[in-house]
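Undergrad: Encoded as structure tokens, here's the structure I'll be asking about.
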Amino acid sequence: PKVVLFGPKTPFKTFADLVEKRGPIIWGGSSKTDGNSDWASILCHALGIRAKIVGGYKGSRKMLAAVERGETDAQILTDDSGFRATKRGAIRGVVTLDRERSPLFPDLPTIYEVAKPTKEQAWWLDWRANVTKMGRLLVAKAGAPADRIALLRKTVGEVLHYPKFLALAKKRRRVINYLSGAQVDKLVNETMQSIGGDRLKEIHDVVLKEFYTH
């Protein structure tokens, strides 16, 4: 899952404080659809938080440096990247953007624990969290033979459950959230089918327009 990170100069002590005061808050990103900025847009839209997103940072290191300097207030990163960032001392995690806590941040509350979202707010948070859950997917070309797809799914599943591989991942603080091919199919279909009608335009406007001044 993704986590929200605050820096030493962030004007909010906790995420609950941010939710209560409704901002304003400044986020950093590389582009409007970089996986972090769009999460920030959806998060702030869903919870009614006043925000501004500043783009143009080249990579998470630059974004985190901006938070440390007080140039921006917060950053959204994957839990493993966020975990490493908190080891630098100045950055701290404040909330997990999922319904379940991250194994890397067991003491960090989820957005659902902190914000107590309404049904409409939860739709936005769940939709974006489900996109995150797709993670890094292995894909094959359309029309690939079914037996080859089955073999690839079986082999990848075996590798990602191999004890020595899991031990190495744990040592390196890499969380393996394995989803089978069938689970990925179901997640993709449900996520995409949920944005029919006006929802797609809503997402478009929120992600690309709402929190930008140009």
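We label chains A, B, ... in the order they appear in the structure tokens, count residues from 1 in each chain, and number ligands from 1 in the order shown.
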Report as a PyMOL selection string: the residues of region 57-200 of chain A with a DSSP assignment of alpha helix (DSSP H), based on the backbone of this structure.
TA: chain A and resi 60-69+79-86+111-115+119-134+146-159+163-171+181-193+199-200
Undergrad: With distances taken over only C-alpha atoms, which of A:Ala85, A:Leu179, A:Leu5, A:Leu77 is nearest to Leu108 (chain A)?
TA: A:Leu5
Undergrad: Just the number, please: distance in Å from CA of Val207 (chain A) to CA of Lys52 (chain A), one decimal.
TA: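 According to the coordinates, CA of Val207 (chain A) and CA of Lys52 (chain A) are separated by 11.8 Å.
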Undergrad: Extract the full set of strand (DSSP E or B) residues from region 21-151 of chain A according to DSSP on the backbone, and format it as a PyMOL selection string.
TA: chain A and resi 25-28+51-54+74-78+92-96+110
Undergrad: Contacts between region 35-38 of chain A and region 57-158 of chain A, please, where a residue of region 57-158 of chain A counts if it comes within 10 Å (with only C-alpha atoms); show its shortest atom pair and distance in Å to one decimal, rows by chain and ascending number, as a Markdown table.
TA:
| residue | atom | partner | partner_atom | distance |
| --- | --- | --- | --- | --- |
| A:Ser60 | CA | A:Asn36 | CA | 9.5 |
| A:Gln75 | CA | A:Asn36 | CA | 7.5 |
| A:Ile76 | CA | A:Asn36 | CA | 5.3 |
| A:Leu77 | CA | A:Asn36 | CA | 6.3 |
| A:Thr78 | CA | A:Asn36 | CA | 8.7 |
| A:Arg128 | CA | A:Asp38 | CA | 8.8 |
| A:Val131 | CA | A:Gly35 | CA | 9.4 |
| A:Thr132 | CA | A:Gly35 | CA | 8.2 |
Undergrad: Quick one: everything within 10 Å of Ala74 (chain A), counting only C-alpha atoms, minus sequence neighbours fewer than 5 positions away in the same chain. Send it as a PDB file with N, CA, C and O atoms, in the first residue's frame.
TA:
ATOM      1  N   VAL A   4       1.337   8.021   3.651  1.00  0.00           N
ATOM      2  CA  VAL A   4       1.543   9.461   3.635  1.00  0.00           C
ATOM      3  C   VAL A   4       2.687   9.784   4.587  1.00  0.00           C
ATOM      4  O   VAL A   4       2.725   9.304   5.727  1.00  0.00           O
ATOM      5  N   LEU A   5       3.614  10.628   4.109  1.00  0.00           N
ATOM      6  CA  LEU A   5       4.779  11.014   4.890  1.00  0.00           C
ATOM      7  C   LEU A   5       4.764  12.524   5.165  1.00  0.00           C
ATOM      8  O   LEU A   5       4.477  13.310   4.261  1.00  0.00           O
ATOM      9  N   PHE A   6       5.057  12.892   6.391  1.00  0.00           N
ATOM     10  CA  PHE A   6       5.212  14.297   6.774  1.00  0.00           C
ATOM     11  C   PHE A   6       6.683  14.563   7.075  1.00  0.00           C
ATOM     12  O   PHE A   6       7.442  13.639   7.394  1.00  0.00           O
ATOM     13  N   GLY A   7       7.070  15.830   7.004  1.00  0.00           N
ATOM     14  CA  GLY A   7       8.437  16.218   7.302  1.00  0.00           C
ATOM     15  C   GLY A   7       8.538  17.036   8.575  1.00  0.00           C
ATOM     16  O   GLY A   7       7.531  17.298   9.246  1.00  0.00           O
ATOM     17  N   LYS A   9       8.955  20.163   9.017  1.00  0.00           N
ATOM     18  CA  LYS A   9       8.336  21.481   8.955  1.00  0.00           C
ATOM     19  C   LYS A   9       6.863  21.431   8.553  1.00  0.00           C
ATOM     20  O   LYS A   9       6.235  22.470   8.345  1.00  0.00           O
ATOM     21  N   THR A  10       6.321  20.236   8.433  1.00  0.00           N
ATOM     22  CA  THR A  10       4.905  20.093   8.087  1.00  0.00           C
ATOM     23  C   THR A  10       4.047  20.725   9.180  1.00  0.00           C
ATOM     24  O   THR A  10       4.252  20.448  10.366  1.00  0.00           O
ATOM     25  N   PRO A  11       3.093  21.576   8.830  1.00  0.00           N
ATOM     26  CA  PRO A  11       2.308  22.302   9.840  1.00  0.00           C
ATOM     27  C   PRO A  11       1.240  21.462  10.544  1.00  0.00           C
ATOM     28  O   PRO A  11       0.426  22.019  11.283  1.00  0.00           O
ATOM     29  N   PHE A  12       1.245  20.159  10.336  1.00  0.00           N
ATOM     30  CA  PHE A  12       0.272  19.277  10.983  1.00  0.00           C
ATOM     31  C   PHE A  12       1.016  18.175  11.728  1.00  0.00           C
ATOM     32  O   PHE A  12       1.922  17.556  11.182  1.00  0.00           O
ATOM     33  N   ILE A  25      -2.490  22.155   2.505  1.00  0.00           N
ATOM     34  CA  ILE A  25      -1.278  21.359   2.494  1.00  0.00           C
ATOM     35  C   ILE A  25      -0.686  21.350   1.087  1.00  0.00           C
ATOM     36  O   ILE A  25      -1.433  21.444   0.106  1.00  0.00           O
ATOM     37  N   ILE A  26       0.637  21.275   1.003  1.00  0.00           N
ATOM     38  CA  ILE A  26       1.327  21.261  -0.284  1.00  0.00           C
ATOM     39  C   ILE A  26       2.005  19.913  -0.476  1.00  0.00           C
ATOM     40  O   ILE A  26       2.756  19.454   0.386  1.00  0.00           O
ATOM     41  N   TRP A  27       1.727  19.287  -1.613  1.00  0.00           N
ATOM     42  CA  TRP A  27       2.319  17.998  -1.960  1.00  0.00           C
ATOM     43  C   TRP A  27       3.321  18.197  -3.106  1.00  0.00           C
ATOM     44  O   TRP A  27       3.183  19.120  -3.900  1.00  0.00           O
ATOM     45  N   GLY A  28       4.269  17.277  -3.221  1.00  0.00           N
ATOM     46  CA  GLY A  28       5.202  17.305  -4.337  1.00  0.00           C
ATOM     47  C   GLY A  28       5.022  16.097  -5.223  1.00  0.00           C
ATOM     48  O   GLY A  28       4.573  15.044  -4.777  1.00  0.00           O
ATOM     49  N   ALA A  40      -2.623  11.841  -4.128  1.00  0.00           N
ATOM     50  CA  ALA A  40      -2.832  13.033  -3.308  1.00  0.00           C
ATOM     51  C   ALA A  40      -4.089  13.783  -3.744  1.00  0.00           C
ATOM     52  O   ALA A  40      -4.868  14.266  -2.912  1.00  0.00           O
ATOM     53  N   ILE A  53      -0.674  20.921  -5.408  1.00  0.00           N
ATOM     54  CA  ILE A  53       0.320  19.923  -5.796  1.00  0.00           C
ATOM     55  C   ILE A  53       1.341  20.583  -6.711  1.00  0.00           C
ATOM     56  O   ILE A  53       0.980  21.191  -7.720  1.00  0.00           O
ATOM     57  N   MET A  63      11.640  14.602  -4.216  1.00  0.00           N
ATOM     58  CA  MET A  63      10.394  14.926  -3.531  1.00  0.00           C
ATOM     59  C   MET A  63      10.587  14.931  -2.017  1.00  0.00           C
ATOM     60  O   MET A  63      10.109  15.823  -1.314  1.00  0.00           O
ATOM     61  N   LEU A  64      11.293  13.921  -1.500  1.00  0.00           N
ATOM     62  CA  LEU A  64      11.529  13.838  -0.067  1.00  0.00           C
ATOM     63  C   LEU A  64      12.427  14.962   0.431  1.00  0.00           C
ATOM     64  O   LEU A  64      12.231  15.483   1.527  1.00  0.00           O
ATOM     65  N   ALA A  66      12.475  17.894  -0.751  1.00  0.00           N
ATOM     66  CA  ALA A  66      11.613  19.084  -0.684  1.00  0.00           C
ATOM     67  C   ALA A  66      10.799  19.090   0.605  1.00  0.00           C
ATOM     68  O   ALA A  66      10.590  20.146   1.216  1.00  0.00           O
ATOM     69  N   VAL A  67      10.340  17.919   1.035  1.00  0.00           N
ATOM     70  CA  VAL A  67       9.595  17.814   2.293  1.00  0.00           C
ATOM     71  C   VAL A  67      10.514  18.144   3.471  1.00  0.00           C
ATOM     72  O   VAL A  67      10.119  18.856   4.402  1.00  0.00           O
ATOM     73  N   GLU A  68      11.725  17.641   3.430  1.00  0.00           N
ATOM     74  CA  GLU A  68      12.677  17.898   4.511  1.00  0.00           C
ATOM     75  C   GLU A  68      13.008  19.386   4.627  1.00  0.00           C
ATOM     76  O   GLU A  68      13.169  19.919   5.728  1.00  0.00           O
ATOM     77  N   ILE A  91      11.872  12.379   8.191  1.00  0.00           N
ATOM     78  CA  ILE A  91      10.589  12.019   7.583  1.00  0.00           C
ATOM     79  C   ILE A  91       9.842  11.041   8.484  1.00  0.00           C
ATOM     80  O   ILE A  91      10.438  10.119   9.040  1.00  0.00           O
ATOM     81  N   ARG A  92       8.531  11.218   8.595  1.00  0.00           N
ATOM     82  CA  ARG A  92       7.740  10.298   9.417  1.00  0.00           C
ATOM     83  C   ARG A  92       6.458   9.893   8.698  1.00  0.00           C
ATOM     84  O   ARG A  92       5.839  10.690   7.993  1.00  0.00           O
ATOM     85  N   GLY A  93       6.086   8.647   8.862  1.00  0.00           N
ATOM     86  CA  GLY A  93       4.838   8.165   8.301  1.00  0.00           C
ATOM     87  C   GLY A  93       3.679   8.575   9.196  1.00  0.00           C
ATOM     88  O   GLY A  93       3.815   8.591  10.423  1.00  0.00           O
ATOM     89  N   VAL A  94       2.535   8.903   8.574  1.00  0.00           N
ATOM     90  CA  VAL A  94       1.384   9.341   9.378  1.00  0.00           C
ATOM     91  C   VAL A  94       0.111   8.533   9.133  1.00  0.00           C
ATOM     92  O   VAL A  94      -0.745   8.453  10.014  1.00  0.00           O
TER      93      VAL A  94
END
Undergrad: Return the single residue from A:Thr155, A:Ser194, A:Thr14, A:Ser180 that is closest to Trp123 (chain A), with distances computed using only C-alpha atoms.
TA: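 Among the listed residues, A:Ser194 lies closest to Trp123 (chain A).
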Undergrad: Provide the CA of Cys44 (chain A) to CA of Gly23 (chain A) distance in Å, to one decimal place.
TA: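 Interatomic distance, CA of Cys44 (chain A) to CA of Gly23 (chain A): 9.0 Å.
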